[in-house]
Amino acid sequence: MANAKHLEMLRELERKVLWLSTWTIHNANHLRANEDGLKIGGHQASSASLSTILTALYFSVLRPEDRVAVKPHASPIYHAIQYLFGRQTREKLENFRGYKGAQSYPSRTKDIDDVDFSTGSVGLGVAQTLFASLVQDYVKAHGWAKDKPEGRMISLVGDAEMDEGNIFEALLEGWKHGIRNTWWIIDYNRQSLDAVIREGLWERFEALFRNFGWDVVILKHGSLMQEAFQEPGGDRLRAWIDSCPNQLYSALTFQGGAAWRKRLLDDLGDQGPVTRLIEKRSDEELARLMSNLGGHDMPSLLEAFEKARQHDRPVCFLAYTIKGFGLPLAGHKDNHSGMLTPSQMEAWRATQGVRPDHEWDKFEGLKVPQAAIERFLSEVPFIQKGTRRYTAPQVPVPERLAFPSNPAMSTQQGFGLILNELARSDDALASRVVTTAPDVTVSTNLGAWVNRRGLFARESLVDTFKKERIPSTYNWEFSPKGQHIELGIAEMNLFIVLSALGLSHSLFGERILPIGTLYDPFIYRGADALNYACYQDARFMIVATPSGVTLAPEGGAHQSIGTPLVGMAQDGLASFEPAFVDELAVIMRWAFDYMQRDGEGEANEKTWLRDETGGSVYLRLSTRSLEQPQRTMTAELADDVMAGAYWLRKPGPNAQVVVAYTGAVAPEAIEAVGLMAEDRRDIGLLAITSADRLNAGWTAAQRARERGLVHARSHVERLLADVPPHCGLVTVIDGHPATLAWMGSVMGHRTRSLGVEHFGQTGTIKDLYRHFGIDAQGIIAAAEMIAPGRPMRYLKAV
């Protein structure tokens, strides 16, 4: 139990962080200049409900190895705490929600104050802590980070945030993996954005977590309440509190002590002891008693947290709180986006003992000496090791990735062969790769890798089929040394575990190179989590296959259209769609290096891509087997592959048509060019390996020229520089045609972009390619439209 001086200090700090967070929002909305007139916003009430819990955690309970995802709307409280630690600046607080100010929601990449997990999209930060705990177990099981103690992965969760479905998907996955060292603290203020939540929700939460093997700690009655319950009539008061509807409790909290008194006396009547219990307290004392919920009672919180530190089981703390606690708008159902008015703020300022023009002073209004507070802050366990972001050395990547050279194969098959060859190796790269998939391990060609490297689990589990000597292609053995994390069918979980794995170097000081595989159309199912992972600057490789309508027999439900545009638009993600396996090997080799980069610098003057900063990688692959080119992968060709495109057939000076293709439609593009070459001798064929990097390099070079670097030229500009102005471009992709439609703007060439704009259906590749006009005849017809030539005998009548 904390001693009296410790409690007194924490309560003073709680008052201070509540003041700073509330003032930060007030300043942004009422005092700072607002040129465009838009609402600035902030969440004074949602922050206030977590003021006690966050004070207890950061100033007493947390250790440096602990990692915390703070509820998005409690960002101002978090920033206020870091300000008192000296990890946040007054300038950033004064510019809260402004340009380069403290962020609206905690951000690993945009904030300066040691944010562990970004939490801007509700629910995702919650699940992230669970998967971060799994990654910590993975790191420990592999014998790494031996000098680092295990930390708790902690999430502060809004009760309305528990409506997010990805949280429940994560809970199920955590149960499968025997999750440990995870705390979820539910801010049970019984209000959502629009209303007061349903009655009895706490019972559903309790049952749910217990069913998944979690300990559940309910923090409902604070120490003042518990003392009152011991008085004569206290049992009746407790029964009334426990049966009081959420809306009524919120309304009475807002109305204050006199309203509490009237309602309690009306409901409980003249019952002697309980009446005396109520009447012996002033209105102020009664209001303090009735708002003394467990989530605002420092002794109760400290006791519960310290008890949970004694074991590694996952714990759900259901902490009853009051939205707007300590503020004039406490309890009002409209307070989610509500704010104190200037007059309310002036009145509240007086109660806090804060003088005008001293609002940002760290120790203003506190009732304990400044020296004592400074000494206390300097000794807080959480900050004793300084920075909590680790660095990890880069894992060496070989000059080339080997694979068996088959005359014909798909890029998906090639991916499996490349990983299988890597799995045979004992080098550092092979040991640091971890794969994961949402129940599509075999069908995305990870089977050979898993056979050699095994599945991860904290406890070994043999493959029963192998033990019983039943023939099977796959050897599914679980062990602490396994390098594949098998997931259930939930793409949200896939991207969140990739996010956790891809931050291991920063969270735990150990480099992991994660690869996640899934079906390409289901990129959309995890799109929010993918964006979240990239926003955190997690590093991983997504291998999405099969893609497009090329998976013809599966029909529209398993065919993808817009995913190339996702790859182009997603910040922090470099996307590729190679046609041939030798291209894929070059890209994967580059990707393993790119995932580890964390440098600064200007763009490369050849590509104008800022590759020094690194990022994640998306490979859009295919199950279609293609005849492989018999060629040597020269350094020049490899550079062009990585820059985004190369000439398979360079156009001559009199070219009328250039065909540019991406991915699995390579045979159709090659066939069309071969047929048209009978009449158009200078025709060109451009192989595009990355529309994303081509486009990014082009836009970057344009920005460079706007800044005065008049000689800046991108890769695509150099490729098209010698293509005659009268030449037409035909672009083709098994995906949305907008992916390549921009290419005509590079040099002003007439362009016809072919692709897929509607859901496909079952059929053969030939059927569907013809239906969408991306077969050889469709390419030829498009070429004739934009660059009419002699009547083409090879153009079949449709």
# chains A, B, ... in the order shown; residues from 1 in each chain; ligands from 1

$ residues_around --residues "Ile733 of chain A" --least-positions-apart "6" --cutoff "10 Å" --atoms "only C-alpha atoms" --output "NGL selection string"
:A and (548 or 561 or 564 or 577 or 660-666 or 669 or 688 or 739-740 or 753-756 or 774)

$ write_last_selection --atoms "N, CA and C atoms" --output "short mmCIF file (atom, residue, chain, number, x, y, z; two decimals), in the first residue's frame"
data_model
loop_
_atom_site.label_atom_id
_atom_site.label_comp_id
_atom_site.auth_asym_id
_atom_site.auth_seq_id
_atom_site.Cartn_x
_atom_site.Cartn_y
_atom_site.Cartn_z
N GLY A 548 -6.29 -10.26 -58.91
CA GLY A 548 -7.01 -9.96 -60.13
C GLY A 548 -8.01 -11.03 -60.55
N ILE A 561 -9.68 -5.92 -57.76
CA ILE A 561 -9.69 -4.89 -58.80
C ILE A 561 -8.85 -3.68 -58.37
N PRO A 564 -4.17 -2.55 -56.63
CA PRO A 564 -2.99 -1.79 -57.07
C PRO A 564 -3.06 -0.32 -56.68
N GLU A 577 4.39 -5.31 -58.59
CA GLU A 577 3.65 -6.39 -59.22
C GLU A 577 4.49 -6.97 -60.35
N ALA A 660 2.56 -0.96 -72.45
CA ALA A 660 3.12 -1.04 -71.10
C ALA A 660 2.23 -1.95 -70.27
N TYR A 661 2.81 -2.97 -69.69
CA TYR A 661 2.02 -3.95 -68.94
C TYR A 661 2.58 -4.11 -67.54
N THR A 662 1.73 -4.64 -66.66
CA THR A 662 2.12 -4.99 -65.30
C THR A 662 1.61 -6.38 -64.96
N GLY A 663 2.47 -7.21 -64.40
CA GLY A 663 2.04 -8.46 -63.79
C GLY A 663 1.67 -9.57 -64.75
N ALA A 664 0.61 -10.30 -64.38
CA ALA A 664 0.28 -11.57 -65.02
C ALA A 664 -0.17 -11.45 -66.46
N VAL A 665 -0.47 -10.26 -66.93
CA VAL A 665 -0.90 -10.09 -68.33
C VAL A 665 0.30 -9.99 -69.28
N ALA A 666 1.49 -10.29 -68.80
CA ALA A 666 2.68 -10.22 -69.65
C ALA A 666 2.54 -11.03 -70.94
N ALA A 669 0.46 -9.11 -73.48
CA ALA A 669 1.17 -7.94 -73.99
C ALA A 669 2.26 -8.36 -74.98
N ILE A 688 6.44 -3.08 -66.54
CA ILE A 688 6.33 -2.27 -65.33
C ILE A 688 6.29 -3.19 -64.12
N THR A 739 -4.50 2.62 -62.49
CA THR A 739 -3.16 2.35 -61.97
C THR A 739 -2.09 2.88 -62.91
N LEU A 740 -2.32 2.77 -64.22
CA LEU A 740 -1.32 3.18 -65.20
C LEU A 740 -1.78 4.34 -66.09
N SER A 753 -5.89 3.15 -71.49
CA SER A 753 -5.57 2.29 -70.35
C SER A 753 -6.59 1.18 -70.22
N LEU A 754 -6.10 -0.06 -70.27
CA LEU A 754 -6.94 -1.24 -70.18
C LEU A 754 -6.81 -1.85 -68.79
N GLY A 755 -7.88 -2.43 -68.31
CA GLY A 755 -7.86 -3.07 -67.00
C GLY A 755 -9.23 -3.60 -66.66
N VAL A 756 -9.47 -3.76 -65.37
CA VAL A 756 -10.70 -4.35 -64.86
C VAL A 756 -11.40 -3.33 -63.99
N ILE A 774 -8.56 -7.34 -71.96
CA ILE A 774 -7.14 -7.28 -71.60
C ILE A 774 -6.37 -8.45 -72.21
#

$ select_by_dssp --residues "segment 20-155 of chain A" --states "alpha helix (DSSP H)" --output "ChimeraX atom specification"
/A:20-26,44-48,51-56,75-85,90-94,124-141

$ write_last_selection --atoms "N, CA and C atoms" --output "compact mmCIF listing (two decimals), in the first residue's frame"
# COMPACT_ATOMS: atom_id res chain seq x y z
N LEU A 20 -3.75 20.90 -16.86
CA LEU A 20 -2.98 21.12 -18.08
C LEU A 20 -3.71 20.59 -19.31
N SER A 21 -4.31 19.41 -19.19
CA SER A 21 -5.02 18.85 -20.34
C SER A 21 -6.22 19.70 -20.71
N THR A 22 -6.95 20.14 -19.70
CA THR A 22 -8.15 20.95 -19.95
C THR A 22 -7.77 22.31 -20.52
N TRP A 23 -6.72 22.90 -19.97
CA TRP A 23 -6.26 24.20 -20.45
C TRP A 23 -5.71 24.09 -21.87
N THR A 24 -5.02 23.01 -22.18
CA THR A 24 -4.48 22.81 -23.52
C THR A 24 -5.59 22.85 -24.57
N ILE A 25 -6.70 22.16 -24.28
CA ILE A 25 -7.84 22.15 -25.21
C ILE A 25 -8.51 23.52 -25.25
N HIS A 26 -8.67 24.14 -24.08
CA HIS A 26 -9.29 25.47 -24.01
C HIS A 26 -8.47 26.48 -24.82
N GLN A 44 -12.18 17.27 -23.52
CA GLN A 44 -11.91 17.56 -22.11
C GLN A 44 -12.52 16.51 -21.20
N ALA A 45 -13.75 16.10 -21.49
CA ALA A 45 -14.43 15.14 -20.62
C ALA A 45 -13.83 13.76 -20.73
N SER A 46 -13.52 13.31 -21.95
CA SER A 46 -12.95 11.98 -22.15
C SER A 46 -11.55 11.89 -21.57
N SER A 47 -10.82 12.99 -21.58
CA SER A 47 -9.51 13.02 -20.93
C SER A 47 -9.67 12.92 -19.42
N ALA A 48 -10.61 13.69 -18.90
CA ALA A 48 -10.77 13.76 -17.44
C ALA A 48 -11.09 12.42 -16.82
N SER A 51 -7.92 10.68 -15.89
CA SER A 51 -6.88 11.44 -15.20
C SER A 51 -6.29 10.68 -14.03
N THR A 52 -7.12 10.02 -13.23
CA THR A 52 -6.61 9.30 -12.06
C THR A 52 -5.83 8.07 -12.48
N ILE A 53 -6.37 7.32 -13.43
CA ILE A 53 -5.73 6.07 -13.86
C ILE A 53 -4.37 6.35 -14.49
N LEU A 54 -4.30 7.34 -15.37
CA LEU A 54 -3.02 7.63 -16.01
C LEU A 54 -2.01 8.20 -15.01
N THR A 55 -2.49 8.96 -14.05
CA THR A 55 -1.59 9.45 -13.00
C THR A 55 -1.01 8.29 -12.21
N ALA A 56 -1.86 7.36 -11.81
CA ALA A 56 -1.39 6.19 -11.06
C ALA A 56 -0.37 5.39 -11.86
N SER A 75 -5.53 11.81 -25.22
CA SER A 75 -4.25 12.35 -25.66
C SER A 75 -3.80 13.56 -24.84
N PRO A 76 -4.68 14.54 -24.53
CA PRO A 76 -4.20 15.70 -23.75
C PRO A 76 -3.67 15.33 -22.37
N ILE A 77 -4.28 14.35 -21.71
CA ILE A 77 -3.77 13.90 -20.41
C ILE A 77 -2.38 13.32 -20.58
N TYR A 78 -2.21 12.48 -21.60
CA TYR A 78 -0.90 11.87 -21.86
C TYR A 78 0.15 12.96 -22.10
N HIS A 79 -0.17 13.92 -22.95
CA HIS A 79 0.81 14.98 -23.26
C HIS A 79 1.13 15.81 -22.01
N ALA A 80 0.13 16.03 -21.16
CA ALA A 80 0.38 16.78 -19.92
C ALA A 80 1.35 16.04 -19.01
N ILE A 81 1.17 14.73 -18.90
CA ILE A 81 2.08 13.94 -18.07
C ILE A 81 3.51 14.00 -18.61
N GLN A 82 3.64 13.87 -19.92
CA GLN A 82 4.99 13.92 -20.51
C GLN A 82 5.60 15.31 -20.37
N TYR A 83 4.76 16.32 -20.37
CA TYR A 83 5.23 17.70 -20.14
C TYR A 83 5.85 17.82 -18.76
N LEU A 84 5.23 17.23 -17.77
CA LEU A 84 5.78 17.27 -16.41
C LEU A 84 7.08 16.47 -16.32
N PHE A 85 7.22 15.44 -17.15
CA PHE A 85 8.46 14.67 -17.19
C PHE A 85 9.57 15.39 -17.96
N ARG A 90 6.21 23.11 -23.99
CA ARG A 90 5.09 24.06 -23.91
C ARG A 90 4.67 24.50 -25.31
N GLU A 91 5.63 24.70 -26.19
CA GLU A 91 5.31 25.12 -27.55
C GLU A 91 4.39 24.11 -28.23
N LYS A 92 4.67 22.83 -28.06
CA LYS A 92 3.83 21.79 -28.68
C LYS A 92 2.44 21.78 -28.05
N LEU A 93 2.37 21.96 -26.74
CA LEU A 93 1.07 21.98 -26.07
C LEU A 93 0.25 23.20 -26.51
N GLU A 94 0.90 24.34 -26.60
CA GLU A 94 0.18 25.54 -27.04
C GLU A 94 -0.33 25.39 -28.47
N LEU A 124 -7.78 -0.25 -32.59
CA LEU A 124 -6.55 -0.84 -33.13
C LEU A 124 -5.42 -0.82 -32.12
N GLY A 125 -5.29 0.27 -31.37
CA GLY A 125 -4.25 0.31 -30.34
C GLY A 125 -4.47 -0.72 -29.26
N VAL A 126 -5.73 -1.05 -29.00
CA VAL A 126 -6.06 -2.07 -28.00
C VAL A 126 -5.51 -3.42 -28.46
N ALA A 127 -5.88 -3.82 -29.67
CA ALA A 127 -5.40 -5.09 -30.21
C ALA A 127 -3.88 -5.11 -30.35
N GLN A 128 -3.30 -3.95 -30.65
CA GLN A 128 -1.85 -3.88 -30.83
C GLN A 128 -1.11 -4.33 -29.57
N THR A 129 -1.61 -3.98 -28.39
CA THR A 129 -0.92 -4.37 -27.17
C THR A 129 -0.92 -5.89 -27.00
N LEU A 130 -2.01 -6.53 -27.39
CA LEU A 130 -2.08 -7.99 -27.29
C LEU A 130 -1.03 -8.63 -28.19
N PHE A 131 -0.94 -8.16 -29.43
CA PHE A 131 0.02 -8.76 -30.35
C PHE A 131 1.44 -8.34 -30.02
N ALA A 132 1.62 -7.18 -29.43
CA ALA A 132 2.96 -6.80 -28.97
C ALA A 132 3.43 -7.75 -27.88
N SER A 133 2.52 -8.19 -27.03
CA SER A 133 2.87 -9.16 -26.00
C SER A 133 3.28 -10.49 -26.63
N LEU A 134 2.56 -10.90 -27.70
CA LEU A 134 2.94 -12.11 -28.42
C LEU A 134 4.33 -11.98 -29.02
N VAL A 135 4.64 -10.81 -29.57
CA VAL A 135 5.97 -10.58 -30.15
C VAL A 135 7.03 -10.61 -29.07
N GLN A 136 6.73 -10.06 -27.90
CA GLN A 136 7.68 -10.12 -26.79
C GLN A 136 7.96 -11.58 -26.42
N ASP A 137 6.93 -12.41 -26.41
CA ASP A 137 7.13 -13.84 -26.15
C ASP A 137 7.98 -14.48 -27.24
N TYR A 138 7.76 -14.08 -28.49
CA TYR A 138 8.53 -14.63 -29.60
C TYR A 138 10.02 -14.29 -29.42
N VAL A 139 10.28 -13.03 -29.11
CA VAL A 139 11.66 -12.58 -28.92
C VAL A 139 12.33 -13.35 -27.78
N LYS A 140 11.63 -13.49 -26.67
CA LYS A 140 12.19 -14.20 -25.52
C LYS A 140 12.41 -15.67 -25.82
N ALA A 141 11.45 -16.29 -26.50
CA ALA A 141 11.54 -17.72 -26.79
C ALA A 141 12.71 -18.05 -27.71

$ residues_around --residues "Glu421 of chain A" --least-positions-apart "4" --cutoff "12 Å" --atoms "only C-alpha atoms" --output "number ranges by chain"
A: 400-405, 414-417, 425-427, 429-430, 446, 448-449, 452-453, 585

$ residues_around --residues "Gly526 of chain A" --least-positions-apart "3" --cutoff "6 Å" --atoms "only C-alpha atoms" --output "list in words"
Glu491, Met492, Ile523 and Ala529 of chain A

$ residues_around --residues "Lys481 of chain A" --least-positions-apart "2" --cutoff "7 Å" --atoms "only C-alpha atoms" --output "PyMOL selection string"
chain A and resi 141-142+456+479+483

$ write_last_selection --atoms "C-alpha atoms" --output "mmCIF file, in the first residue's frame"
data_model
loop_
_atom_site.group_PDB
_atom_site.id
_atom_site.type_symbol
_atom_site.label_atom_id
_atom_site.label_comp_id
_atom_site.auth_asym_id
_atom_site.auth_seq_id
_atom_site.Cartn_x
_atom_site.Cartn_y
_atom_site.Cartn_z
ATOM 1 C CA ALA A 141 11.536 -17.725 -26.795
ATOM 2 C CA HIS A 142 14.213 -17.321 -29.450
ATOM 3 C CA PHE A 456 5.807 -20.812 -33.176
ATOM 4 C CA SER A 479 7.840 -25.073 -30.741
ATOM 5 C CA GLN A 483 9.296 -19.075 -37.251
#

$ residues_around --residues "Ile383 of chain A" --least-positions-apart "2" --cutoff "12 Å" --atoms "only C-alpha atoms" --output "compact mmCIF listing (two decimals) with N, CA and C atoms, in the first residue's frame"
# COMPACT_ATOMS: atom_id res chain seq x y z
N TYR A 58 1.58 6.26 -14.72
CA TYR A 58 2.84 6.88 -15.13
C TYR A 58 3.69 7.37 -13.98
N PHE A 59 3.07 7.79 -12.89
CA PHE A 59 3.85 8.34 -11.78
C PHE A 59 4.14 7.32 -10.69
N SER A 60 3.62 6.08 -10.83
CA SER A 60 3.86 5.12 -9.76
C SER A 60 4.04 3.69 -10.24
N VAL A 61 3.18 3.21 -11.12
CA VAL A 61 3.09 1.78 -11.40
C VAL A 61 4.01 1.34 -12.54
N LEU A 62 4.08 2.10 -13.61
CA LEU A 62 4.80 1.66 -14.80
C LEU A 62 6.30 1.56 -14.58
N ARG A 63 6.90 0.61 -15.30
CA ARG A 63 8.34 0.46 -15.36
C ARG A 63 8.79 0.75 -16.80
N PRO A 64 10.07 1.04 -17.02
CA PRO A 64 10.50 1.42 -18.38
C PRO A 64 10.16 0.40 -19.45
N GLU A 65 10.12 -0.87 -19.08
CA GLU A 65 9.86 -1.91 -20.08
C GLU A 65 8.38 -2.05 -20.44
N ASP A 66 7.51 -1.38 -19.70
CA ASP A 66 6.08 -1.44 -20.00
C ASP A 66 5.76 -0.56 -21.21
N ILE A 81 1.17 14.73 -18.90
CA ILE A 81 2.08 13.94 -18.07
C ILE A 81 3.51 14.00 -18.61
N GLN A 82 3.64 13.87 -19.92
CA GLN A 82 4.99 13.92 -20.51
C GLN A 82 5.60 15.31 -20.37
N LEU A 84 5.23 17.23 -17.77
CA LEU A 84 5.78 17.27 -16.41
C LEU A 84 7.08 16.47 -16.32
N PHE A 85 7.22 15.44 -17.15
CA PHE A 85 8.46 14.67 -17.19
C PHE A 85 9.57 15.39 -17.96
N GLY A 86 9.21 16.46 -18.66
CA GLY A 86 10.19 17.14 -19.49
C GLY A 86 10.34 16.53 -20.87
N ARG A 87 9.39 15.67 -21.27
CA ARG A 87 9.46 15.01 -22.58
C ARG A 87 8.53 15.65 -23.60
N ASP A 113 6.94 12.88 -27.66
CA ASP A 113 7.00 12.52 -26.24
C ASP A 113 6.86 11.02 -25.97
N ASP A 114 7.63 10.21 -26.74
CA ASP A 114 7.82 8.80 -26.39
C ASP A 114 6.52 8.00 -26.41
N PHE A 376 10.33 14.09 -6.49
CA PHE A 376 9.44 12.95 -6.72
C PHE A 376 9.46 12.56 -8.20
N LEU A 377 9.33 13.55 -9.10
CA LEU A 377 9.32 13.26 -10.53
C LEU A 377 10.62 12.63 -10.99
N SER A 378 11.73 13.08 -10.44
CA SER A 378 13.03 12.53 -10.86
C SER A 378 13.20 11.08 -10.44
N GLU A 379 12.43 10.64 -9.46
CA GLU A 379 12.56 9.27 -8.95
C GLU A 379 11.48 8.32 -9.46
N VAL A 380 10.59 8.81 -10.31
CA VAL A 380 9.52 7.96 -10.85
C VAL A 380 10.15 6.79 -11.60
N PRO A 381 9.76 5.55 -11.29
CA PRO A 381 10.38 4.38 -11.93
C PRO A 381 10.32 4.40 -13.46
N LYS A 385 15.31 4.80 -17.06
CA LYS A 385 16.26 4.33 -18.07
C LYS A 385 16.32 5.25 -19.28
N GLY A 386 15.79 6.46 -19.14
CA GLY A 386 15.85 7.41 -20.24
C GLY A 386 14.98 6.98 -21.41
N THR A 387 15.53 7.11 -22.61
CA THR A 387 14.74 6.78 -23.79
C THR A 387 14.31 5.32 -23.76
N ARG A 388 13.10 5.09 -24.20
CA ARG A 388 12.55 3.74 -24.18
C ARG A 388 12.40 3.17 -25.59

$ residues_around --residues "segment 239-245 of chain A" --least-positions-apart "5" --cutoff "9 Å" --atoms "only C-alpha atoms" --output "compact mmCIF listing (two decimals) with C-alpha atoms, in the first residue's frame"
# COMPACT_ATOMS: atom_id res chain seq x y z
CA GLU A 199 -27.38 -1.28 -18.74
CA GLY A 234 -24.20 1.36 4.28
CA SER A 250 -24.68 10.45 -14.95
CA LEU A 264 -31.28 9.25 -2.27
CA ASP A 267 -35.66 6.51 -3.06
CA LEU A 268 -34.49 5.20 0.30
CA MET A 290 -21.01 9.44 -4.76

$ closest_residue --among "A:His30, A:Ala259, A:Ser291, A:Lys766" --to "Met345 of chain A" --atoms "only C-alpha atoms"
A:His30

$ closest_residue --among "A:Val462, A:Leu57, A:Leu289, A:Val716" --to "Ala700 of chain A" --atoms "only C-alpha atoms"
A:Val716

$ atom_distance --atom1 "atom CA of Phe168 of chain A" --atom2 "atom CA of Val433 of chain A"
27.8 Å

$ select_by_dssp --residues "segment 137-363 of chain A" --states "strand (DSSP E)" --output "short mmCIF file (atom, residue, chain, number, x, y, z; two decimals) with C-alpha atoms, in the first residue's frame"
data_model
loop_
_atom_site.label_atom_id
_atom_site.label_comp_id
_atom_site.auth_asym_id
_atom_site.auth_seq_id
_atom_site.Cartn_x
_atom_site.Cartn_y
_atom_site.Cartn_z
CA MET A 153 1.61 -4.36 -22.69
CA ILE A 154 -1.14 -2.05 -21.45
CA SER A 155 -4.10 -0.47 -23.17
CA LEU A 156 -6.41 2.24 -21.84
CA VAL A 157 -9.72 1.40 -23.50
CA GLY A 158 -12.85 3.50 -23.79
CA THR A 182 -1.29 -7.91 -21.12
CA TRP A 183 -3.49 -5.42 -19.26
CA TRP A 184 -6.57 -3.83 -20.72
CA ILE A 185 -7.99 -1.09 -18.51
CA ILE A 186 -11.54 -0.24 -19.54
CA ASP A 187 -12.50 3.36 -18.84
CA TYR A 188 -16.05 2.45 -17.85
CA ASP A 215 -8.40 -12.30 -14.86
CA VAL A 216 -11.08 -9.65 -14.38
CA VAL A 217 -10.67 -6.96 -11.71
CA ILE A 218 -13.73 -4.77 -11.16
CA LEU A 219 -12.92 -1.35 -9.71
CA VAL A 315 -5.88 -8.88 -16.82
CA CYS A 316 -8.93 -6.83 -17.69
CA PHE A 317 -9.49 -3.98 -15.24
CA LEU A 318 -13.07 -2.76 -15.42
CA ALA A 319 -12.63 0.69 -13.89
CA TYR A 320 -15.80 2.67 -13.18
#

$ closest_residue --among "A:Met298, A:Met595, A:Leu619, A:Ile670" --to "Ile542 of chain A" --atoms "only C-alpha atoms"
A:Leu619

$ closest_residue --among "A:Arg236, A:Arg525, A:Lys323, A:Arg631" --to "His73 of chain A" --atoms "only C-alpha atoms"
A:Lys323

$ closest_residue --among "A:Ile470, A:Ala677, A:Ala408, A:Val395" --to "Gln630 of chain A" --atoms "only C-alpha atoms"
A:Ala408
